[in-house]
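Novice: One file is attached below, work04.cif, containing mmCIF, N, CA and C atoms.
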```
data_target
#
loop_
_atom_site.group_PDB
_atom_site.id
_atom_site.type_symbol
_atom_site.label_atom_id
_atom_site.label_comp_id
_atom_site.auth_asym_id
_atom_site.auth_seq_id
_atom_site.Cartn_x
_atom_site.Cartn_y
_atom_site.Cartn_z
ATOM 1 N N GLY A 533 4.695 -48.609 20.115
ATOM 2 C CA GLY A 533 6.122 -48.679 20.013
ATOM 3 C C GLY A 533 6.805 -48.027 21.203
ATOM 4 N N VAL A 534 8.091 -48.105 21.237
ATOM 5 C CA VAL A 534 8.879 -47.569 22.348
ATOM 6 C C VAL A 534 8.718 -46.054 22.452
ATOM 7 N N LYS A 535 8.797 -45.375 21.312
ATOM 8 C CA LYS A 535 8.683 -43.921 21.322
ATOM 9 C C LYS A 535 7.300 -43.485 21.821
ATOM 10 N N GLN A 536 6.269 -44.140 21.330
ATOM 11 C CA GLN A 536 4.901 -43.800 21.727
ATOM 12 C C GLN A 536 4.671 -44.087 23.211
ATOM 13 N N SER A 537 5.233 -45.192 23.701
ATOM 14 C CA SER A 537 5.123 -45.504 25.127
ATOM 15 C C SER A 537 5.786 -44.420 25.967
ATOM 16 N N GLY A 538 6.915 -43.933 25.499
ATOM 17 C CA GLY A 538 7.606 -42.858 26.202
ATOM 18 C C GLY A 538 6.769 -41.591 26.281
ATOM 19 N N VAL A 539 6.073 -41.273 25.208
ATOM 20 C CA VAL A 539 5.206 -40.091 25.192
ATOM 21 C C VAL A 539 4.083 -40.256 26.217
ATOM 22 N N VAL A 540 3.454 -41.420 26.231
ATOM 23 C CA VAL A 540 2.368 -41.681 27.183
ATOM 24 C C VAL A 540 2.888 -41.568 28.615
ATOM 25 N N LEU A 541 4.053 -42.137 28.881
ATOM 26 C CA LEU A 541 4.622 -42.085 30.224
ATOM 27 C C LEU A 541 4.945 -40.647 30.641
ATOM 28 N N LYS A 542 5.449 -39.847 29.703
ATOM 29 C CA LYS A 542 5.753 -38.441 30.019
ATOM 30 C C LYS A 542 4.488 -37.674 30.369
ATOM 31 N N TYR A 543 3.430 -37.855 29.568
ATOM 32 C CA TYR A 543 2.166 -37.160 29.848
ATOM 33 C C TYR A 543 1.549 -37.641 31.159
ATOM 34 N N THR A 544 1.650 -38.912 31.425
ATOM 35 C CA THR A 544 1.116 -39.468 32.669
ATOM 36 C C THR A 544 1.852 -38.887 33.871
ATOM 37 N N ALA A 545 3.172 -38.836 33.799
ATOM 38 C CA ALA A 545 3.965 -38.273 34.894
ATOM 39 C C ALA A 545 3.677 -36.781 35.065
ATOM 40 N N ALA A 546 3.510 -36.065 33.962
ATOM 41 C CA ALA A 546 3.215 -34.629 34.047
ATOM 42 C C ALA A 546 1.867 -34.395 34.720
ATOM 43 N N ALA A 547 0.866 -35.194 34.369
ATOM 44 C CA ALA A 547 -0.452 -35.064 34.991
ATOM 45 C C ALA A 547 -0.364 -35.389 36.482
ATOM 46 N N ARG A 548 0.347 -36.455 36.816
ATOM 47 C CA ARG A 548 0.546 -36.826 38.219
ATOM 48 C C ARG A 548 1.210 -35.698 38.988
ATOM 49 N N ASP A 549 2.267 -35.133 38.420
ATOM 50 C CA ASP A 549 3.016 -34.059 39.079
ATOM 51 C C ASP A 549 2.196 -32.783 39.229
ATOM 52 N N ALA A 550 1.196 -32.620 38.359
ATOM 53 C CA ALA A 550 0.308 -31.456 38.436
ATOM 54 C C ALA A 550 -0.817 -31.686 39.453
ATOM 55 N N GLY A 551 -0.811 -32.849 40.080
ATOM 56 C CA GLY A 551 -1.807 -33.144 41.098
ATOM 57 C C GLY A 551 -3.084 -33.770 40.574
ATOM 58 N N LEU A 552 -3.076 -34.156 39.319
ATOM 59 C CA LEU A 552 -4.256 -34.796 38.733
ATOM 60 C C LEU A 552 -4.242 -36.292 39.019
ATOM 61 N N GLY A 553 -5.418 -36.850 39.207
ATOM 62 C CA GLY A 553 -5.527 -38.297 39.362
ATOM 63 C C GLY A 553 -5.452 -38.947 37.997
ATOM 64 N N VAL A 554 -4.686 -40.002 37.895
ATOM 65 C CA VAL A 554 -4.527 -40.707 36.626
ATOM 66 C C VAL A 554 -4.745 -42.195 36.878
ATOM 67 N N VAL A 555 -5.584 -42.806 36.068
ATOM 68 C CA VAL A 555 -5.728 -44.254 36.091
ATOM 69 C C VAL A 555 -4.961 -44.762 34.875
ATOM 70 N N PHE A 556 -3.898 -45.482 35.147
ATOM 71 C CA PHE A 556 -3.006 -45.968 34.096
ATOM 72 C C PHE A 556 -3.104 -47.487 34.080
ATOM 73 N N ILE A 557 -3.701 -48.029 33.031
ATOM 74 C CA ILE A 557 -3.890 -49.474 32.930
ATOM 75 C C ILE A 557 -2.816 -50.033 32.002
ATOM 76 N N THR A 558 -2.059 -50.994 32.519
ATOM 77 C CA THR A 558 -0.965 -51.566 31.746
ATOM 78 C C THR A 558 -0.688 -52.988 32.195
ATOM 79 N N HIS A 559 -0.032 -53.738 31.328
ATOM 80 C CA HIS A 559 0.468 -55.065 31.686
ATOM 81 C C HIS A 559 1.981 -55.020 31.840
ATOM 82 N N ASN A 560 2.545 -53.822 31.841
ATOM 83 C CA ASN A 560 3.987 -53.650 31.946
ATOM 84 C C ASN A 560 4.330 -53.070 33.322
ATOM 85 N N PRO A 561 4.855 -53.890 34.242
ATOM 86 C CA PRO A 561 5.157 -53.393 35.583
ATOM 87 C C PRO A 561 6.225 -52.308 35.588
ATOM 88 N N HIS A 562 7.139 -52.358 34.644
ATOM 89 C CA HIS A 562 8.200 -51.340 34.580
ATOM 90 C C HIS A 562 7.604 -49.969 34.265
ATOM 91 N N HIS A 563 6.683 -49.924 33.339
ATOM 92 C CA HIS A 563 6.019 -48.657 33.016
ATOM 93 C C HIS A 563 5.207 -48.168 34.208
ATOM 94 N N ALA A 564 4.454 -49.076 34.817
ATOM 95 C CA ALA A 564 3.626 -48.695 35.966
ATOM 96 C C ALA A 564 4.491 -48.120 37.082
ATOM 97 N N TYR A 565 5.606 -48.766 37.368
ATOM 98 C CA TYR A 565 6.451 -48.340 38.482
ATOM 99 C C TYR A 565 7.131 -46.998 38.201
ATOM 100 N N LEU A 566 7.365 -46.709 36.924
ATOM 101 C CA LEU A 566 7.977 -45.418 36.568
ATOM 102 C C LEU A 566 7.076 -44.238 36.917
ATOM 103 N N VAL A 567 5.775 -44.397 36.731
ATOM 104 C CA VAL A 567 4.873 -43.249 36.876
ATOM 105 C C VAL A 567 3.876 -43.377 38.026
ATOM 106 N N GLY A 568 3.758 -44.564 38.602
ATOM 107 C CA GLY A 568 2.724 -44.781 39.609
ATOM 108 C C GLY A 568 3.148 -44.431 41.020
ATOM 109 N N ASN A 569 2.154 -44.077 41.824
ATOM 110 C CA ASN A 569 2.426 -43.899 43.251
ATOM 111 C C ASN A 569 1.496 -44.778 44.085
ATOM 112 N N HIS A 570 0.574 -45.464 43.419
ATOM 113 C CA HIS A 570 -0.299 -46.420 44.090
ATOM 114 C C HIS A 570 -0.680 -47.481 43.066
ATOM 115 N N PHE A 571 -0.627 -48.742 43.482
ATOM 116 C CA PHE A 571 -0.846 -49.836 42.537
ATOM 117 C C PHE A 571 -1.976 -50.735 43.003
ATOM 118 N N ILE A 572 -2.846 -51.059 42.079
ATOM 119 C CA ILE A 572 -3.930 -52.001 42.335
ATOM 120 C C ILE A 572 -3.896 -53.035 41.219
ATOM 121 N N ILE A 573 -3.892 -54.295 41.605
ATOM 122 C CA ILE A 573 -3.950 -55.381 40.630
ATOM 123 C C ILE A 573 -5.246 -56.132 40.875
ATOM 124 N N LEU A 574 -6.004 -56.305 39.806
ATOM 125 C CA LEU A 574 -7.268 -57.023 39.874
ATOM 126 C C LEU A 574 -7.126 -58.385 39.206
ATOM 127 N N LYS A 575 -7.764 -59.376 39.800
ATOM 128 C CA LYS A 575 -7.813 -60.717 39.216
ATOM 129 C C LYS A 575 -9.268 -61.150 39.250
ATOM 130 N N LEU A 576 -9.854 -61.302 38.088
ATOM 131 C CA LEU A 576 -11.258 -61.682 37.978
ATOM 132 C C LEU A 576 -12.150 -60.752 38.791
ATOM 133 N N GLY A 577 -11.844 -59.467 38.727
ATOM 134 C CA GLY A 577 -12.648 -58.458 39.399
ATOM 135 C C GLY A 577 -12.368 -58.296 40.878
ATOM 136 N N ARG A 578 -11.435 -59.073 41.402
ATOM 137 C CA ARG A 578 -11.092 -58.976 42.821
ATOM 138 C C ARG A 578 -9.703 -58.373 42.969
ATOM 139 N N CYS A 579 -9.558 -57.565 43.991
ATOM 140 C CA CYS A 579 -8.287 -56.907 44.247
ATOM 141 C C CYS A 579 -7.312 -57.900 44.892
ATOM 142 N N VAL A 580 -6.165 -58.125 44.231
ATOM 143 C CA VAL A 580 -5.143 -59.018 44.794
ATOM 144 C C VAL A 580 -3.926 -58.241 45.285
ATOM 145 N N LEU A 581 -3.859 -56.965 44.939
ATOM 146 C CA LEU A 581 -2.785 -56.097 45.433
ATOM 147 C C LEU A 581 -3.318 -54.676 45.458
ATOM 148 N N ASP A 582 -3.100 -54.003 46.578
ATOM 149 C CA ASP A 582 -3.517 -52.610 46.741
ATOM 150 C C ASP A 582 -2.493 -51.967 47.662
ATOM 151 N N LYS A 583 -1.446 -51.384 47.058
ATOM 152 C CA LYS A 583 -0.341 -50.864 47.858
ATOM 153 C C LYS A 583 0.179 -49.537 47.311
ATOM 154 N N HIS A 584 0.620 -48.706 48.228
ATOM 155 C CA HIS A 584 1.305 -47.466 47.876
ATOM 156 C C HIS A 584 2.715 -47.829 47.415
ATOM 157 N N ARG A 585 3.288 -46.986 46.607
ATOM 158 C CA ARG A 585 4.623 -47.239 46.061
ATOM 159 C C ARG A 585 5.648 -47.562 47.154
ATOM 160 N N SER A 586 5.530 -46.893 48.301
ATOM 161 C CA SER A 586 6.495 -47.120 49.386
ATOM 162 C C SER A 586 6.343 -48.504 50.023
ATOM 163 N N GLU A 587 5.242 -49.199 49.708
ATOM 164 C CA GLU A 587 4.977 -50.510 50.300
ATOM 165 C C GLU A 587 5.298 -51.684 49.377
ATOM 166 N N VAL A 588 5.705 -51.389 48.147
ATOM 167 C CA VAL A 588 5.934 -52.465 47.183
ATOM 168 C C VAL A 588 7.154 -52.141 46.329
ATOM 169 N N THR A 589 7.942 -53.154 46.029
ATOM 170 C CA THR A 589 9.092 -52.967 45.142
ATOM 171 C C THR A 589 8.678 -53.322 43.712
ATOM 172 N N LEU A 590 9.489 -52.930 42.776
ATOM 173 C CA LEU A 590 9.244 -53.290 41.383
ATOM 174 C C LEU A 590 9.218 -54.813 41.241
ATOM 175 N N GLU A 591 10.095 -55.491 41.959
ATOM 176 C CA GLU A 591 10.156 -56.952 41.878
ATOM 177 C C GLU A 591 8.859 -57.586 42.386
ATOM 178 N N GLU A 592 8.304 -57.062 43.479
ATOM 179 C CA GLU A 592 7.045 -57.588 44.016
ATOM 180 C C GLU A 592 5.881 -57.326 43.050
ATOM 181 N N LEU A 593 5.865 -56.124 42.494
ATOM 182 C CA LEU A 593 4.826 -55.768 41.531
ATOM 183 C C LEU A 593 4.910 -56.687 40.311
ATOM 184 N N THR A 594 6.117 -56.899 39.829
ATOM 185 C CA THR A 594 6.330 -57.771 38.675
ATOM 186 C C THR A 594 5.892 -59.199 38.987
ATOM 187 N N ALA A 595 6.224 -59.694 40.175
ATOM 188 C CA ALA A 595 5.851 -61.057 40.556
ATOM 189 C C ALA A 595 4.336 -61.224 40.593
ATOM 190 N N GLU A 596 3.630 -60.243 41.149
ATOM 191 C CA GLU A 596 2.166 -60.322 41.187
ATOM 192 C C GLU A 596 1.579 -60.304 39.784
ATOM 193 N N MET A 597 2.110 -59.446 38.938
ATOM 194 C CA MET A 597 1.601 -59.372 37.568
ATOM 195 C C MET A 597 1.961 -60.631 36.784
ATOM 196 N N ALA A 598 3.136 -61.188 37.031
ATOM 197 C CA ALA A 598 3.557 -62.411 36.337
ATOM 198 C C ALA A 598 2.684 -63.589 36.733
ATOM 199 N N ARG A 599 2.271 -63.628 37.998
ATOM 200 C CA ARG A 599 1.376 -64.698 38.454
ATOM 201 C C ARG A 599 0.088 -64.665 37.634
ATOM 202 N N LEU A 600 -0.421 -63.468 37.373
ATOM 203 C CA LEU A 600 -1.630 -63.339 36.559
ATOM 204 C C LEU A 600 -1.355 -63.756 35.118
ATOM 205 N N ARG A 601 -0.177 -63.410 34.618
ATOM 206 C CA ARG A 601 0.167 -63.785 33.235
ATOM 207 C C ARG A 601 0.204 -65.297 33.080
ATOM 208 N N ARG A 602 0.795 -65.993 34.076
ATOM 209 C CA ARG A 602 0.854 -67.456 34.000
ATOM 210 C C ARG A 602 -0.555 -68.047 33.987
ATOM 211 N N GLU A 603 -1.416 -67.505 34.840
ATOM 212 C CA GLU A 603 -2.787 -68.008 34.889
ATOM 213 C C GLU A 603 -3.507 -67.753 33.578
ATOM 214 N N LEU A 604 -3.277 -66.595 32.979
ATOM 215 C CA LEU A 604 -3.896 -66.292 31.687
ATOM 216 C C LEU A 604 -3.348 -67.204 30.595
ATOM 217 N N ALA A 605 -2.045 -67.478 30.633
ATOM 218 C CA ALA A 605 -1.443 -68.376 29.646
ATOM 219 C C ALA A 605 -2.020 -69.783 29.792
ATOM 220 N N ASN A 606 -2.191 -70.234 31.032
ATOM 221 C CA ASN A 606 -2.783 -71.553 31.263
ATOM 222 C C ASN A 606 -4.219 -71.600 30.754
ATOM 223 N N LEU A 607 -4.980 -70.541 30.996
ATOM 224 C CA LEU A 607 -6.352 -70.469 30.520
ATOM 225 C C LEU A 607 -6.386 -70.492 28.999
ATOM 226 N N LYS A 608 -5.517 -69.713 28.372
ATOM 227 C CA LYS A 608 -5.470 -69.664 26.909
ATOM 228 C C LYS A 608 -5.159 -71.046 26.333
ATOM 229 N N ALA A 609 -4.211 -71.757 26.944
ATOM 230 C CA ALA A 609 -3.857 -73.096 26.477
ATOM 231 C C ALA A 609 -5.028 -74.056 26.643
ATOM 232 N N ALA A 610 -5.715 -73.962 27.778
ATOM 233 C CA ALA A 610 -6.862 -74.840 28.018
ATOM 234 C C ALA A 610 -7.978 -74.564 27.009
ATOM 235 N N LEU A 611 -8.225 -73.291 26.721
ATOM 236 C CA LEU A 611 -9.265 -72.940 25.751
ATOM 237 C C LEU A 611 -8.883 -73.392 24.348
ATOM 238 N N ALA A 612 -7.613 -73.245 24.003
ATOM 239 C CA ALA A 612 -7.147 -73.674 22.684
ATOM 240 C C ALA A 612 -7.274 -75.195 22.551
ATOM 241 N N GLU A 613 -6.940 -75.906 23.628
ATOM 242 C CA GLU A 613 -7.062 -77.367 23.616
ATOM 243 C C GLU A 613 -8.527 -77.777 23.451
ATOM 244 N N ARG A 614 -9.394 -77.098 24.175
ATOM 245 C CA ARG A 614 -10.831 -77.395 24.083
ATOM 246 C C ARG A 614 -11.348 -77.092 22.680
ATOM 247 N N ALA A 615 -10.932 -75.949 22.128
ATOM 248 C CA ALA A 615 -11.365 -75.586 20.770
ATOM 249 C C ALA A 615 -10.844 -76.608 19.768
ATOM 250 N N GLY A 616 -9.615 -77.062 19.960
ATOM 251 C CA GLY A 616 -9.047 -78.078 19.070
ATOM 252 C C GLY A 616 -9.818 -79.372 19.134
ATOM 253 N N SER A 617 -10.216 -79.794 20.328
ATOM 254 C CA SER A 617 -10.974 -81.040 20.456
ATOM 255 C C SER A 617 -12.360 -80.884 19.847
ATOM 256 N N MET A 618 -12.927 -79.667 19.931
ATOM 257 C CA MET A 618 -14.237 -79.434 19.320
ATOM 258 C C MET A 618 -14.121 -79.507 17.798
ATOM 259 N N VAL A 619 -13.029 -78.964 17.239
ATOM 260 C CA VAL A 619 -12.809 -79.007 15.789
ATOM 261 C C VAL A 619 -12.563 -80.443 15.358
ATOM 262 N N ASP A 620 -11.753 -81.190 16.122
ATOM 263 C CA ASP A 620 -11.496 -82.592 15.786
ATOM 264 C C ASP A 620 -12.788 -83.401 15.813
ATOM 265 N N GLY A 621 -13.623 -83.153 16.810
ATOM 266 C CA GLY A 621 -14.894 -83.838 16.930
ATOM 267 C C GLY A 621 -15.804 -83.533 15.749
ATOM 268 N N ALA A 622 -15.827 -82.278 15.334
ATOM 269 C CA ALA A 622 -16.657 -81.876 14.194
ATOM 270 C C ALA A 622 -16.140 -82.515 12.920
ATOM 271 N N SER A 623 -14.822 -82.598 12.777
ATOM 272 C CA SER A 623 -14.238 -83.233 11.581
ATOM 273 C C SER A 623 -14.589 -84.699 11.521
ATOM 274 N N ARG A 624 -14.504 -85.382 12.674
ATOM 275 C CA ARG A 624 -14.847 -86.815 12.706
ATOM 276 C C ARG A 624 -16.323 -86.999 12.365
ATOM 277 N N ALA A 625 -17.171 -86.130 12.925
ATOM 278 C CA ALA A 625 -18.610 -86.246 12.667
ATOM 279 C C ALA A 625 -18.911 -86.009 11.186
ATOM 280 N N ALA A 626 -18.225 -85.053 10.582
ATOM 281 C CA ALA A 626 -18.451 -84.752 9.167
ATOM 282 C C ALA A 626 -17.986 -85.919 8.302
ATOM 283 N N GLY A 627 -16.898 -86.582 8.704
ATOM 284 C CA GLY A 627 -16.366 -87.705 7.945
ATOM 285 C C GLY A 627 -17.259 -88.937 8.045
ATOM 286 N N ALA A 628 -18.054 -89.013 9.104
ATOM 287 C CA ALA A 628 -18.909 -90.183 9.310
ATOM 288 C C ALA A 628 -20.154 -90.125 8.441
ATOM 289 N N LYS A 629 -20.449 -88.970 7.846
ATOM 290 C CA LYS A 629 -21.670 -88.831 7.024
ATOM 291 C C LYS A 629 -21.522 -89.521 5.702
#
```
Would you give me this structure, written as structure tokens?

Specialist:
Amino acid sequence: GVKQSGVVLKYTAAARDAGLGVVFITHNPHHAYLVGNHFIILKLGRCVLDKHRSEVTLEELTAEMARLRRELANLKAALAERAGSMVDGASRAAGAK
């Protein structure tokens, strides 16, 4: 929830400010930009963005993350379509018996 996210962000910022290294994994660019000072975005295990906060804007970070979201949505739709065709095929085969 919103309150719980706020608590996590406060603790993350406090650890960062104390000089501790923090790995913060999120799909929310706004949260990442609030507490991060270096951003890495991975796509299929490959680095597609590796920039210090001074080198990237929130809009750029959001655009990179959104590109991944679109690809994931397309993959999910393709898998759902494939699963649907497999179910339809199984239903037809069962009806033929």

Novice: With a distance cut-off of 8 Å and only C-alpha atoms, select the neighbouring residues of A:Ile573, excluding the residue or stretch itself and same-chain residues fewer than 3 positions from it, and output the selection as a ChimeraX atom specification.

Specialist: /A:579-582,596-597

Novice: Given the selection you just returned, output its residues as a file containing N, CA and C atoms, formatted as a PDB file, in the frame of the given file.

Specialist:
```pdb
ATOM      1  N   CYS A 579      -9.558 -57.565  43.991  1.00  0.00           N
ATOM      2  CA  CYS A 579      -8.287 -56.907  44.247  1.00  0.00           C
ATOM      3  C   CYS A 579      -7.312 -57.900  44.892  1.00  0.00           C
ATOM      4  N   VAL A 580      -6.165 -58.125  44.231  1.00  0.00           N
ATOM      5  CA  VAL A 580      -5.143 -59.018  44.794  1.00  0.00           C
ATOM      6  C   VAL A 580      -3.926 -58.241  45.285  1.00  0.00           C
ATOM      7  N   LEU A 581      -3.859 -56.965  44.939  1.00  0.00           N
ATOM      8  CA  LEU A 581      -2.785 -56.097  45.433  1.00  0.00           C
ATOM      9  C   LEU A 581      -3.318 -54.676  45.458  1.00  0.00           C
ATOM     10  N   ASP A 582      -3.100 -54.003  46.578  1.00  0.00           N
ATOM     11  CA  ASP A 582      -3.517 -52.610  46.741  1.00  0.00           C
ATOM     12  C   ASP A 582      -2.493 -51.967  47.662  1.00  0.00           C
ATOM     13  N   GLU A 596       3.630 -60.243  41.149  1.00  0.00           N
ATOM     14  CA  GLU A 596       2.166 -60.322  41.187  1.00  0.00           C
ATOM     15  C   GLU A 596       1.579 -60.304  39.784  1.00  0.00           C
ATOM     16  N   MET A 597       2.110 -59.446  38.938  1.00  0.00           N
ATOM     17  CA  MET A 597       1.601 -59.372  37.568  1.00  0.00           C
ATOM     18  C   MET A 597       1.961 -60.631  36.784  1.00  0.00           C
TER      19      MET A 597
END
```

Novice: Could you give me the residues within chain A that DSSP places in strand (DSSP E), as a PyMOL selection string?

Specialist: chain A and resi 570-575+578-584

Novice: For A:Ala595, which residue out of A:Phe571, A:Val540, A:Arg614, A:Pro561 is the nearest one, using only C-alpha atoms?

Specialist: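 Looking at the shortest contact to A:Ala595, the residue is A:Pro561.
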
Novice: Step one, run DSSP on the backbone; step two, keep only residues of chain A assigned to alpha helix (DSSP H); then write them as JSON, numbers by chain.

Specialist: {"A": [534, 535, 536, 537, 538, 539, 540, 541, 542, 543, 544, 545, 546, 547, 548, 549, 561, 562, 563, 564, 565, 566, 567, 590, 591, 592, 593, 594, 595, 596, 597, 598, 599, 600, 601, 602, 603, 604, 605, 606, 607, 608, 609, 610, 611, 612, 613, 614, 615, 616, 617, 618, 619, 620, 621, 622, 623, 624, 625, 626, 627]}

Novice: Rounded to one decimal, what separation in Å do you get between atom N of A:Ser586 and atom N of A:Glu603?

Specialist: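 Those two atoms sit 25.6 Å apart.
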
Novice: For atom CA of A:Lys575 and atom CA of A:Val554, quote the distance in Å rounded to one decimal.

Specialist: 20.4 Å

Novice: As an exercise, work out the distance from atom CA of A:Val567 to atom CA of A:Leu600 in Å and give it to one decimal place.

Specialist: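 Distance between the two atoms: 21.1 Å.
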
Novice: Extract, using only N, CA and C atoms, all DNA, RNA and protein residues at most 8 Å from stretch 541-546 of chain A, discarding same-chain residues fewer than 4 positions from it, and format them as a PyMOL selection string.

Specialist: chain A and resi 535-537+550-552+554+556+563+566-568

Novice: Could you write those residues out with N, CA and C atoms, as an mmCIF file, in the coordinates of the input?

Specialist:
```cif
data_model
loop_
_atom_site.group_PDB
_atom_site.id
_atom_site.type_symbol
_atom_site.label_atom_id
_atom_site.label_comp_id
_atom_site.auth_asym_id
_atom_site.auth_seq_id
_atom_site.Cartn_x
_atom_site.Cartn_y
_atom_site.Cartn_z
ATOM 1 N N LYS A 535 8.797 -45.375 21.312
ATOM 2 C CA LYS A 535 8.683 -43.921 21.322
ATOM 3 C C LYS A 535 7.300 -43.485 21.821
ATOM 4 N N GLN A 536 6.269 -44.140 21.330
ATOM 5 C CA GLN A 536 4.901 -43.800 21.727
ATOM 6 C C GLN A 536 4.671 -44.087 23.211
ATOM 7 N N SER A 537 5.233 -45.192 23.701
ATOM 8 C CA SER A 537 5.123 -45.504 25.127
ATOM 9 C C SER A 537 5.786 -44.420 25.967
ATOM 10 N N ALA A 550 1.196 -32.620 38.359
ATOM 11 C CA ALA A 550 0.308 -31.456 38.436
ATOM 12 C C ALA A 550 -0.817 -31.686 39.453
ATOM 13 N N GLY A 551 -0.811 -32.849 40.080
ATOM 14 C CA GLY A 551 -1.807 -33.144 41.098
ATOM 15 C C GLY A 551 -3.084 -33.770 40.574
ATOM 16 N N LEU A 552 -3.076 -34.156 39.319
ATOM 17 C CA LEU A 552 -4.256 -34.796 38.733
ATOM 18 C C LEU A 552 -4.242 -36.292 39.019
ATOM 19 N N VAL A 554 -4.686 -40.002 37.895
ATOM 20 C CA VAL A 554 -4.527 -40.707 36.626
ATOM 21 C C VAL A 554 -4.745 -42.195 36.878
ATOM 22 N N PHE A 556 -3.898 -45.482 35.147
ATOM 23 C CA PHE A 556 -3.006 -45.968 34.096
ATOM 24 C C PHE A 556 -3.104 -47.487 34.080
ATOM 25 N N HIS A 563 6.683 -49.924 33.339
ATOM 26 C CA HIS A 563 6.019 -48.657 33.016
ATOM 27 C C HIS A 563 5.207 -48.168 34.208
ATOM 28 N N LEU A 566 7.365 -46.709 36.924
ATOM 29 C CA LEU A 566 7.977 -45.418 36.568
ATOM 30 C C LEU A 566 7.076 -44.238 36.917
ATOM 31 N N VAL A 567 5.775 -44.397 36.731
ATOM 32 C CA VAL A 567 4.873 -43.249 36.876
ATOM 33 C C VAL A 567 3.876 -43.377 38.026
ATOM 34 N N GLY A 568 3.758 -44.564 38.602
ATOM 35 C CA GLY A 568 2.724 -44.781 39.609
ATOM 36 C C GLY A 568 3.148 -44.431 41.020
#
```
